[in-house]
>>> print(open('input34.txt').read())   # compact mmCIF, C-alpha atoms
# COMPACT_ATOMS: atom_id res chain seq x y z
CA MET C 179 3.68 34.80 -6.29
CA TRP C 180 4.27 31.12 -6.85
CA SER C 181 6.62 29.50 -4.38
CA PRO C 182 7.77 25.90 -4.88
CA ARG C 183 8.36 25.53 -1.17
CA ALA C 184 4.86 26.80 -0.35
CA ASP C 185 3.32 24.50 -2.96
CA ARG C 186 5.18 21.50 -1.56
CA ARG C 187 4.02 22.44 1.93
CA ARG C 188 0.39 22.72 0.78
CA ALA C 189 0.63 19.43 -1.11
CA ARG C 190 2.00 17.60 1.91
CA VAL C 191 -0.74 19.00 4.13
CA THR C 192 -3.58 18.08 1.80
CA ALA C 193 -2.46 14.60 0.74
CA THR C 194 -2.38 11.50 2.83
CA THR C 195 1.01 10.20 3.73
CA ALA C 196 3.44 8.65 1.31
CA GLY C 197 2.98 5.13 2.56
CA LEU C 198 -0.77 5.27 2.21
CA ALA C 199 -0.37 5.64 -1.47
CA MET C 200 -3.94 4.71 -1.98
CA ALA C 201 -5.51 7.25 0.35
CA LEU C 202 -8.96 7.00 1.81
CA MET C 203 -11.81 8.65 -0.01
CA ALA C 204 -14.00 10.67 2.34
CA ALA C 205 -16.95 10.99 -0.02
CA VAL C 206 -20.30 9.44 -0.75
CA VAL C 207 -20.33 6.75 -3.40
CA PRO C 208 -22.96 7.89 -5.90
CA ALA C 209 -25.84 5.48 -6.31
CA ARG C 210 -26.34 4.07 -9.77
CA ALA C 211 -29.65 4.92 -11.41
CA ALA C 212 -29.63 1.56 -13.19
CA PRO C 213 -27.49 -1.57 -13.09
CA VAL C 214 -24.24 -1.18 -14.97
CA PRO C 215 -24.19 -3.54 -17.99
CA TRP C 216 -21.72 -6.42 -17.97
CA PRO C 217 -18.57 -5.02 -19.61
CA ALA C 218 -17.10 -7.04 -22.44
CA ALA C 219 -13.60 -6.36 -21.09
CA VAL C 220 -14.13 -8.31 -17.87
CA ALA C 221 -12.71 -11.83 -17.52
CA VAL C 222 -14.04 -13.90 -14.64
CA SER C 223 -13.04 -17.14 -12.98
CA GLY C 224 -13.80 -18.68 -9.63
CA ARG C 225 -15.00 -21.62 -7.60
CA THR C 226 -17.71 -22.07 -5.01
CA ALA C 227 -17.60 -24.18 -1.89
CA THR C 228 -20.34 -23.79 0.70
CA ALA C 229 -22.15 -20.50 0.16
CA PRO C 230 -22.10 -18.37 3.32
CA ALA C 231 -24.85 -15.96 4.25
CA GLY C 232 -24.67 -12.97 1.95
CA GLY C 233 -22.57 -14.66 -0.71
CA LEU C 234 -21.09 -12.93 -3.73
CA ASP C 235 -23.00 -11.16 -6.49
CA ARG C 236 -20.66 -12.09 -9.31
CA GLU C 237 -22.37 -10.08 -12.01
CA ALA C 238 -22.39 -6.95 -9.84
CA LEU C 239 -18.72 -7.40 -8.97
CA ALA C 240 -17.77 -7.87 -12.62
CA ALA C 241 -19.75 -4.81 -13.64
CA SER C 242 -18.23 -2.71 -10.86
CA LEU C 243 -14.68 -3.74 -11.74
CA GLY C 244 -15.38 -3.04 -15.40
CA ALA C 245 -16.45 0.47 -14.44
CA VAL C 246 -12.93 1.09 -13.11
CA HIS C 247 -11.52 0.44 -16.59
CA ARG C 248 -14.19 2.55 -18.27
CA ALA C 249 -13.30 5.41 -15.92
CA GLY C 250 -9.75 5.44 -17.33
CA MET C 251 -7.74 2.77 -15.51
CA TYR C 252 -5.60 0.82 -17.98
CA GLY C 253 -6.15 -2.50 -16.26
CA ALA C 254 -7.15 -3.99 -12.92
CA MET C 255 -7.48 -7.45 -11.41
CA ALA C 256 -9.25 -8.43 -8.22
CA GLU C 257 -10.25 -11.33 -6.03
CA VAL C 258 -13.20 -11.20 -3.61
CA ARG C 259 -13.98 -13.88 -1.02
CA ASP C 260 -16.88 -14.61 1.27
CA GLY C 261 -16.04 -17.65 3.36
CA GLY C 262 -15.67 -20.51 0.90
CA GLN C 263 -16.81 -18.51 -2.09
CA GLU C 264 -14.32 -16.82 -4.41
CA TRP C 265 -14.72 -14.49 -7.36
CA ARG C 266 -11.81 -13.44 -9.52
CA GLY C 267 -12.00 -10.87 -12.25
CA ALA C 268 -9.89 -8.69 -14.49
CA THR C 269 -10.62 -5.75 -16.73
CA GLY C 270 -8.75 -3.68 -19.30
CA VAL C 271 -5.24 -4.30 -20.58
CA ALA C 272 -1.98 -5.51 -19.08
CA ASP C 273 0.02 -3.98 -21.93
CA VAL C 274 -1.11 -0.79 -23.62
CA ALA C 275 1.13 -1.26 -26.65
CA THR C 276 0.03 -4.80 -27.53
CA GLY C 277 -3.48 -4.82 -26.10
CA ARG C 278 -2.69 -7.93 -24.05
CA PRO C 279 -5.65 -8.27 -21.69
CA MET C 280 -5.35 -8.12 -17.93
CA ARG C 281 -5.91 -11.52 -16.30
CA PRO C 282 -6.65 -12.55 -12.72
CA ARG C 283 -3.79 -13.63 -10.48
CA LEU C 284 -0.92 -12.06 -12.38
CA GLN C 285 2.11 -11.18 -10.28
CA HIS C 286 2.24 -7.55 -9.23
CA ARG C 287 4.43 -5.19 -7.19
CA VAL C 288 2.43 -4.56 -3.99
CA GLY C 289 4.28 -1.62 -2.44
CA SER C 290 3.47 -0.89 1.18
CA ALA C 291 1.37 -4.02 1.58
CA THR C 292 4.87 -5.36 2.36
CA LYS C 293 4.75 -3.63 5.73
CA ALA C 294 2.37 -6.13 7.29
CA PHE C 295 4.79 -8.96 6.41
CA THR C 296 7.71 -7.10 8.01
CA ALA C 297 5.65 -6.25 11.09
CA VAL C 298 4.64 -9.91 11.52
CA ALA C 299 8.31 -10.96 11.42
CA VAL C 300 9.19 -8.40 14.10
CA LEU C 301 6.26 -9.47 16.28
CA GLN C 302 7.31 -13.11 15.98
CA GLN C 303 10.64 -12.09 17.50
CA VAL C 304 8.77 -10.16 20.18
CA ALA C 305 6.85 -13.35 21.02
CA ARG C 306 10.18 -15.18 21.36
CA GLY C 307 11.46 -12.56 23.80
CA ARG C 308 14.23 -11.36 21.50
CA ILE C 309 12.78 -7.88 20.85
CA GLY C 310 10.98 -5.60 23.29
CA LEU C 311 8.10 -3.84 21.53
CA ASP C 312 8.41 -0.82 23.81
CA ALA C 313 12.19 -0.92 24.04
CA PRO C 314 14.19 1.93 22.49
CA ILE C 315 15.55 1.16 19.05
CA GLY C 316 18.95 2.44 20.19
CA ARG C 317 19.25 -0.63 22.41
CA TYR C 318 19.50 -2.77 19.28
CA LEU C 319 20.85 -0.36 16.65
CA PRO C 320 22.88 2.26 18.54
CA GLU C 321 24.97 3.21 15.51
CA THR C 322 22.03 3.29 13.08
CA VAL C 323 19.78 5.45 15.27
CA PRO C 324 22.16 7.17 17.68
CA GLY C 325 21.75 9.70 20.46
CA GLU C 326 18.47 11.00 21.82
CA ARG C 327 16.47 9.58 18.94
CA GLY C 328 17.78 6.11 19.64
CA ARG C 329 16.84 6.49 23.31
CA SER C 330 13.36 7.95 22.66
CA ILE C 331 12.04 6.03 19.65
CA THR C 332 10.68 2.58 20.45
CA VAL C 333 10.19 -0.41 18.18
CA ARG C 334 6.43 0.15 18.42
CA MET C 335 6.83 3.74 17.21
CA LEU C 336 8.60 2.47 14.12
CA LEU C 337 5.84 0.01 13.31
CA ASP C 338 2.91 2.39 13.91
CA HIS C 339 4.61 5.41 12.28
CA THR C 340 4.76 7.62 15.36
CA SER C 341 8.58 7.79 15.45
CA GLY C 342 8.81 11.26 13.95
CA ILE C 343 11.53 10.11 11.54
CA GLY C 344 11.24 11.63 8.08
CA ASP C 345 10.95 9.70 4.84
CA TYR C 346 14.04 8.94 2.79
CA VAL C 347 12.33 9.13 -0.59
CA GLU C 348 12.83 12.80 -1.31
CA GLY C 349 16.55 12.29 -0.78
CA ALA C 350 16.60 9.14 -2.92
CA PHE C 351 14.67 10.77 -5.78
CA PRO C 352 15.64 14.45 -5.51
CA SER C 353 14.22 15.58 -8.86
CA LEU C 354 10.68 15.08 -7.55
CA ALA C 355 11.07 18.18 -5.41
CA ARG C 356 12.09 20.11 -8.55
CA ASN C 357 8.97 19.30 -10.55
CA SER C 358 10.84 16.66 -12.54
CA ALA C 359 10.50 12.88 -12.75
CA SER C 360 14.03 12.37 -14.10
CA SER C 361 15.11 10.64 -10.87
CA LEU C 362 12.73 7.80 -11.60
CA ASP C 363 14.54 6.95 -14.83
CA ASP C 364 18.03 7.77 -13.56
CA ASN C 365 17.72 5.31 -10.66
CA ARG C 366 15.94 2.46 -12.44
CA PHE C 367 18.90 0.07 -12.07
CA ARG C 368 20.61 1.61 -9.04
CA HIS C 369 21.14 -0.66 -6.05
CA ARG C 370 20.72 0.92 -2.61
CA GLU C 371 21.75 -0.46 0.76
CA PRO C 372 19.39 -0.12 3.75
CA GLY C 373 21.92 1.97 5.64
CA GLU C 374 21.95 4.58 2.88
CA LEU C 375 18.14 4.83 2.95
CA VAL C 376 18.06 5.18 6.74
CA ARG C 377 20.71 7.88 6.63
CA LEU C 378 18.59 9.86 4.15
CA GLY C 379 15.55 9.44 6.37
CA LEU C 380 17.34 10.56 9.51
CA GLU C 381 18.73 13.58 7.65
CA ALA C 382 15.22 14.59 6.53
CA ALA C 383 13.26 17.03 8.67
CA PRO C 384 11.57 15.24 11.61
CA THR C 385 7.79 15.01 11.36
CA GLY C 386 7.29 15.42 15.11
CA ARG C 387 8.54 14.30 18.50
CA PRO C 388 8.75 10.54 19.11
CA GLY C 389 5.27 9.29 19.99
CA GLN C 390 3.65 12.65 19.31
CA LYS C 391 1.57 11.81 16.26
CA TRP C 392 1.14 9.47 13.30
CA SER C 393 3.19 10.43 10.27
CA TYR C 394 4.00 7.87 7.62
CA SER C 395 7.66 7.19 6.87
CA ASN C 396 9.12 4.31 4.92
CA THR C 397 12.35 4.81 6.85
CA ASN C 398 10.64 3.17 9.83
CA TYR C 399 10.30 -0.14 8.00
CA ILE C 400 13.80 -0.12 6.58
CA ILE C 401 15.01 0.23 10.18
CA ALA C 402 12.68 -2.64 11.15
CA GLY C 403 14.38 -4.81 8.55
CA MET C 404 17.81 -3.86 9.92
CA LEU C 405 16.53 -4.72 13.41
CA LEU C 406 15.51 -8.20 12.24
CA GLN C 407 18.91 -8.79 10.70
CA THR C 408 20.75 -7.63 13.82
CA ILE C 409 18.65 -9.74 16.20
CA THR C 410 18.63 -12.95 14.16
CA GLY C 411 21.88 -12.71 12.22
CA GLU C 412 19.92 -13.52 9.06
CA ASP C 413 19.15 -11.46 5.98
CA ALA C 414 15.83 -9.79 6.78
CA GLU C 415 14.19 -10.59 3.44
CA ALA C 416 15.22 -14.25 3.73
CA LEU C 417 13.84 -14.36 7.29
CA ILE C 418 10.50 -12.86 6.24
CA THR C 419 10.34 -15.31 3.36
CA ARG C 420 10.82 -18.32 5.63
CA ASP C 421 8.90 -17.27 8.76
CA VAL C 422 6.03 -15.33 7.19
CA ILE C 423 5.60 -16.00 3.47
CA ARG C 424 6.28 -19.74 3.57
CA ARG C 425 4.48 -20.22 6.87
CA ALA C 426 1.39 -18.63 5.34
CA GLY C 427 1.61 -21.07 2.43
CA LEU C 428 2.10 -18.39 -0.23
CA ARG C 429 3.47 -19.56 -3.57
CA ASP C 430 3.72 -16.37 -5.63
CA THR C 431 4.99 -13.86 -3.07
CA TYR C 432 8.68 -12.95 -2.99
CA PHE C 433 11.28 -10.24 -2.68
CA PRO C 434 12.63 -9.74 -6.21
CA ARG C 435 16.29 -10.56 -6.76
CA SER C 436 16.54 -8.63 -10.02
CA PRO C 437 14.76 -5.64 -11.57
CA ARG C 438 12.45 -8.05 -13.40
CA LEU C 439 9.50 -9.98 -12.02
CA ALA C 440 9.89 -13.74 -12.11
CA GLY C 441 6.41 -14.65 -13.40
CA PRO C 442 3.63 -13.40 -15.69
CA HIS C 443 2.75 -9.80 -14.85
CA PRO C 444 1.22 -6.66 -16.32
CA LYS C 445 3.16 -3.62 -17.42
CA MET C 446 3.05 -0.91 -14.74
CA TYR C 447 2.47 2.65 -15.92
CA GLU C 448 3.39 5.81 -14.05
CA ALA C 449 1.90 9.22 -14.94
CA TYR C 450 3.15 11.15 -11.90
CA TYR C 451 0.28 13.63 -11.97
CA GLY C 452 0.74 14.46 -15.64
CA LEU C 453 4.48 14.99 -15.43
CA ILE C 454 5.06 11.78 -17.42
CA ASP C 455 2.92 11.97 -20.55
CA PRO C 456 2.16 9.45 -21.87
CA PRO C 457 2.54 7.28 -18.75
CA ARG C 458 5.69 5.18 -18.82
CA ASP C 459 6.17 1.52 -17.95
CA PHE C 460 8.18 1.01 -14.74
CA SER C 461 7.61 -2.72 -14.31
CA VAL C 462 11.37 -3.29 -14.65
CA TYR C 463 13.00 -1.60 -11.64
CA ASP C 464 15.61 -2.32 -8.99
CA MET C 465 13.49 -2.44 -5.84
CA SER C 466 16.35 -2.27 -3.34
CA TRP C 467 15.18 1.31 -2.74
CA ALA C 468 12.00 -0.14 -1.19
CA GLY C 469 13.34 -3.19 0.65
CA THR C 470 11.44 -4.35 3.73
CA ALA C 471 9.18 -1.31 3.42
CA ALA C 472 7.66 -2.00 0.01
CA ALA C 473 9.54 -4.32 -2.34
CA LEU C 474 7.35 -7.45 -2.32
CA VAL C 475 5.83 -9.04 -5.42
CA SER C 476 2.60 -10.96 -4.88
CA THR C 477 -0.82 -11.84 -6.33
CA THR C 478 -4.36 -11.01 -5.29
CA SER C 479 -4.87 -14.63 -4.16
CA ASP C 480 -1.71 -14.70 -2.06
CA LEU C 481 -2.58 -11.40 -0.37
CA ASN C 482 -6.01 -12.71 0.58
CA ASP C 483 -4.45 -15.94 1.87
CA PHE C 484 -1.96 -13.96 3.95
CA TYR C 485 -4.61 -11.82 5.62
CA ARG C 486 -6.87 -14.79 6.29
CA GLU C 487 -3.99 -16.64 7.98
CA LEU C 488 -2.99 -13.51 9.90
CA LEU C 489 -6.44 -12.52 11.16
CA ARG C 490 -7.27 -16.09 12.18
CA GLY C 491 -4.22 -16.23 14.43
CA ARG C 492 -2.08 -18.64 12.43
CA LEU C 493 0.98 -16.41 12.07
CA LEU C 494 1.17 -14.77 15.49
CA PRO C 495 0.25 -15.67 19.07
CA ALA C 496 -2.92 -13.97 20.32
CA ALA C 497 -1.01 -11.43 22.40
CA GLN C 498 1.07 -10.22 19.47
CA LEU C 499 -1.94 -10.12 17.13
CA ARG C 500 -3.66 -7.86 19.68
CA GLU C 501 -0.61 -5.59 19.66
CA MET C 502 -0.66 -5.51 15.86
CA GLN C 503 -4.29 -4.36 15.98
CA THR C 504 -3.66 -1.70 18.64
CA THR C 505 -4.04 1.51 16.65
CA VAL C 506 -3.38 5.22 16.60
CA PRO C 507 -5.65 7.68 14.75
CA VAL C 508 -4.72 8.96 11.31
CA LEU C 509 -5.96 12.48 10.62
CA ASP C 510 -6.82 13.86 7.20
CA GLU C 511 -6.03 17.36 5.95
CA ASP C 512 -9.04 18.76 7.80
CA GLY C 513 -8.17 17.19 11.14
CA ASN C 514 -10.73 14.39 10.94
CA THR C 515 -9.86 10.79 11.73
CA SER C 516 -9.73 8.99 8.40
CA MET C 517 -8.60 5.60 9.68
CA TYR C 518 -6.67 3.85 12.45
CA TYR C 519 -3.13 2.54 12.00
CA GLY C 520 -1.77 -0.45 13.91
CA LEU C 521 1.54 -2.23 13.41
CA GLY C 522 1.80 -2.62 9.65
CA VAL C 523 -1.98 -2.81 9.20
CA TYR C 524 -4.80 -0.28 9.35
CA ALA C 525 -8.49 -0.33 10.20
CA LEU C 526 -11.45 1.29 8.44
CA ASP C 527 -14.99 1.48 9.77
CA LEU C 528 -17.46 0.81 6.97
CA PRO C 529 -21.25 0.36 7.06
CA CYS C 530 -20.71 -3.40 7.29
CA GLY C 531 -18.20 -3.20 10.15
CA ARG C 532 -14.51 -2.80 10.81
CA ILE C 533 -12.15 -3.72 7.98
CA TRP C 534 -8.43 -4.50 8.28
CA GLY C 535 -5.76 -4.31 5.62
CA HIS C 536 -3.19 -2.18 3.86
CA ASP C 537 -2.55 -0.70 0.47
CA GLY C 538 0.51 0.19 -1.48
CA ALA C 539 1.94 1.59 -4.64
CA VAL C 540 5.28 1.79 -6.28
CA PHE C 541 5.92 3.54 -9.54
CA GLY C 542 3.24 2.26 -11.91
CA ALA C 543 1.64 -0.33 -9.63
CA GLY C 544 -1.12 0.01 -7.04
CA THR C 545 -2.49 -2.62 -4.67
CA ALA C 546 -5.00 -2.89 -1.83
CA VAL C 547 -5.98 -5.82 0.38
CA LEU C 548 -8.83 -5.53 2.90
CA ALA C 549 -10.64 -8.05 5.10
CA THR C 550 -13.22 -8.32 7.84
CA ALA C 551 -11.84 -8.95 11.32
CA ASP C 552 -12.46 -12.71 11.04
CA GLY C 553 -10.90 -12.94 7.58
CA ARG C 554 -14.15 -14.20 6.07
CA ARG C 555 -14.97 -11.38 3.64
CA GLN C 556 -11.97 -10.16 1.66
CA VAL C 557 -10.99 -8.13 -1.37
CA SER C 558 -7.62 -7.62 -3.01
CA LEU C 559 -6.97 -5.56 -6.12
CA GLY C 560 -4.04 -4.66 -8.34
CA GLN C 561 -3.96 -1.82 -10.87
CA ASN C 562 -1.38 -0.78 -13.45
CA LEU C 563 -1.75 3.00 -13.78
CA MET C 564 -0.69 5.32 -10.96
CA LYS C 565 -0.86 9.04 -10.17
CA TYR C 566 -3.31 9.67 -12.98
CA GLN C 567 -4.85 12.58 -11.05
CA LYS C 568 -3.91 16.23 -11.35
CA ILE C 569 -2.86 18.53 -8.51
CA SER C 570 -4.51 21.93 -8.33
CA GLY C 571 -2.73 25.23 -7.68
CA GLU C 572 -3.78 24.88 -4.02
CA GLY C 573 -1.88 21.61 -3.78
CA ARG C 574 -5.02 19.45 -3.64
CA LEU C 575 -5.62 16.40 -5.72
CA GLU C 576 -8.43 16.96 -8.16
CA PRO C 577 -11.23 14.37 -8.21
CA HIS C 578 -11.00 11.69 -10.86
CA ARG C 579 -13.63 9.25 -12.11
CA ILE C 580 -11.27 6.35 -11.43
CA ASP C 581 -11.32 7.17 -7.72
CA ASP C 582 -15.12 7.07 -7.62
CA ALA C 583 -15.19 3.77 -9.51
CA LEU C 584 -12.58 2.18 -7.23
CA GLY C 585 -14.42 3.33 -4.13
CA ALA C 586 -17.66 1.83 -5.41
CA PHE C 587 -15.94 -1.46 -6.20
CA TYR C 588 -14.31 -1.78 -2.78
CA LEU C 589 -17.55 -1.03 -0.98
CA ARG C 590 -19.50 -3.49 -3.08
CA ALA C 591 -16.84 -6.16 -2.58
CA LEU C 592 -16.71 -5.78 1.18
CA CYS C 593 -20.27 -4.84 2.09
CA GLY C 594 -22.41 -6.18 -0.75
CA THR C 595 -24.75 -4.60 -3.26
CA GLY C 596 -27.11 -3.04 -0.71
CA ALA C 597 -24.38 -1.09 1.07
CA ALA C 598 -22.93 0.06 -2.23
CA GLN C 599 -26.24 1.70 -3.11
CA ARG C 600 -26.92 3.44 0.22
CA ARG C 601 -28.09 7.03 -0.04
CA ASP C 602 -29.04 7.86 3.54
CA LYS C 603 -25.73 9.24 4.82
CA PRO C 604 -22.12 9.88 3.83
CA LEU C 605 -19.98 6.81 4.24
CA GLY C 606 -17.01 8.74 5.53
CA PRO C 607 -13.58 7.20 4.99
CA LEU C 608 -14.49 4.60 2.45
CA ALA C 609 -11.83 2.72 0.63
CA PRO C 610 -8.26 2.99 -0.58
CA LEU C 611 -7.84 5.10 -3.66
CA PRO C 612 -4.65 6.05 -5.48
CA ARG C 613 -3.86 9.60 -4.44
CA THR C 614 -0.24 9.91 -3.48
CA PRO C 615 2.77 7.90 -4.53
CA ASP C 616 3.89 5.17 -2.23
CA LEU C 617 7.51 5.85 -1.28
CA ALA C 618 7.56 9.24 -3.04
CA PRO C 619 6.74 12.80 -1.93
CA VAL C 620 3.74 14.64 -3.24
CA LEU C 621 4.65 16.55 -6.39
CA ALA C 622 4.62 20.33 -6.03
CA ARG C 623 2.76 21.75 -9.03
CA ARG C 624 2.51 25.30 -10.34
CA PRO C 625 -1.00 26.77 -10.29
>>> encode(input="input34.txt", output="structure tokens")
Amino acid sequence: MWSPRADRRRARVTATTAGLAMALMAAVVPARAAPVPWPAAVAVSGRTATAPAGGLDREALAASLGAVHRAGMYGAMAEVRDGGQEWRGATGVADVATGRPMRPRLQHRVGSATKAFTAVAVLQQVARGRIGLDAPIGRYLPETVPGERGRSITVRMLLDHTSGIGDYVEGAFPSLARNSASSLDDNRFRHREPGELVRLGLEAAPTGRPGQKWSYSNTNYIIAGMLLQTITGEDAEALITRDVIRRAGLRDTYFPRSPRLAGPHPKMYEAYYGLIDPPRDFSVYDMSWAGTAAALVSTTSDLNDFYRELLRGRLLPAAQLREMQTTVPVLDEDGNTSMYYGLGVYALDLPCGRIWGHDGAVFGAGTAVLATADGRRQVSLGQNLMKYQKISGEGRLEPHRIDDALGAFYLRALCGTGAAQRRDKPLGPLAPLPRTPDLAPVLARRP
């Protein structure tokens, strides 16, 4: 007998967490029998300074990004760097109705990539002695997180998602638990205060004891924003803008002040696992529901700039950067370690070494930014179709060709052509792929 509660439970077990909206693919990237021809839909721009060892295979990158569009993605844009070299490309369409082509460096909603910016702002206050990383959150926000939780949950537990606090999204978008996407439309222009979101998260079922295990919750980063405001007396988004975004020299990264993006951008289409058919544009949306957890707008170039500045120690003192890169294991549905989560960033071990970054998705928009530990080799990507997969009766996401194509592109971008064609062993956790919605629960589907 079908049970919606059982299906939701299975879906939550088999999917990665809500904040890792682009979950890691634990599969082998199939080798190509022959080079993929240059797709006509790919637009390329770039500049070259001194060419580092390895360099960038521009034709291979363009072909690999074009394969993402041919696999079914409406449109995608990316920027890959190797030292002083840059390659920018775009494929597919930014607007399905008009056929307007996707272009590099359009503004885009970046979802949970926001979390690294918020974590940096908190760690800057730690460096100034105004916040204790291992102090209980109740010391600073006794009315927001009261009682035993406030005494047991530390600031670090918020930032590395080991607090045990549930996510607020199911309460904010209640129709999702009823096999309906109506909440997405009903709340398009609704403004939400951080306190309301935190209350919903604290009312949700705990995911574990404080410090017990990693379990993603956007509530953690809304609380982090409230912590910043309490400690500094400033609006948290304004503080992050001044101390992180401007300090990193970013020109096209901002917290939106209206439901509309300020600059040129693609449409952003949400399918919600077939529940919205055809996929609907959600590029106009009041993002107060995401706040310091996932509301930022940025570009592929700005995201790469941010991570290069961060990893090279220009935004945080060395001690706080080490804390940011102190990780806890993230387990997949089979109990295997799929990645390692720090404070607003995560680490992947690829054939070419350890990679740092984050991904994100809001309704209709997906993003990933990844970099080597020294910030030399980087990739950032934005896509404008989300939750295109189906969910089986067992609550598992069914494989999709887009996922394979994205995985191949990320591996080629980070590790080069040779690594992308390796056949000798599985690559294990490979690259971010859109599997679950960022800031939304996994949809329970009937078999």
>>> residues_around(input="input34.txt", residues="region 385-392 of chain C", least_positions_apart="6", cutoff="8 Å", atoms="all atoms listed in the file", output="PyMOL selection string")
chain C and resi 327+330-331+335+338-344+506-508
>>> closest_residue(input="input34.txt", among="C:Val300, C:Ala583, C:Val475, C:Ala383", to="Leu428 (chain C)", atoms="only C-alpha atoms")
C:Val475
>>> atom_distance(input="input34.txt", atom1="CA of Ala359 (chain C)", atom2="CA of Pro437 (chain C)")
19.0 Å
>>> closest_residue(input="input34.txt", among="C:Leu311, C:Leu493, C:Leu378, C:Leu239", to="Leu592 (chain C)", atoms="all atoms listed in the file")
C:Leu239
>>> residues_around(input="input34.txt", residues="Asn398 (chain C)", least_positions_apart="2", cutoff="7 Å", atoms="all atoms listed in the file", output="list in words")
Leu336, Leu337, His339, Ser395, Asn396, Ile400, Ile401 and Ala402 of chain C
>>> residues_around(input="input34.txt", residues="Pro456 (chain C)", least_positions_apart="5", cutoff="10 Å", atoms="all atoms listed in the file", output="list in words")
Tyr447, Glu448 and Ala449 of chain C
>>> closest_atom_pairs(input="input34.txt", of="region 463-513 of chain C", to="region 551-565 of chain C", cutoff="6 Å", atoms="all atoms listed in the file", output="JSON lines")
{"residue": "C:Thr478", "atom": "CA", "partner": "C:Ser558", "partner_atom": "CA", "distance": 5.2}
{"residue": "C:Arg486", "atom": "CA", "partner": "C:Gly553", "partner_atom": "CA", "distance": 4.6}
{"residue": "C:Leu489", "atom": "CA", "partner": "C:Gly553", "partner_atom": "CA", "distance": 5.7}
>>> residues_around(input="input34.txt", residues="Gln503 (chain C)", least_positions_apart="5", cutoff="9 Å", atoms="all atoms listed in the file", output="list in words")
Gln498, Tyr519, Gly520, Leu521, Gly522, Val523, Tyr524, Ala525 and Trp534 of chain C
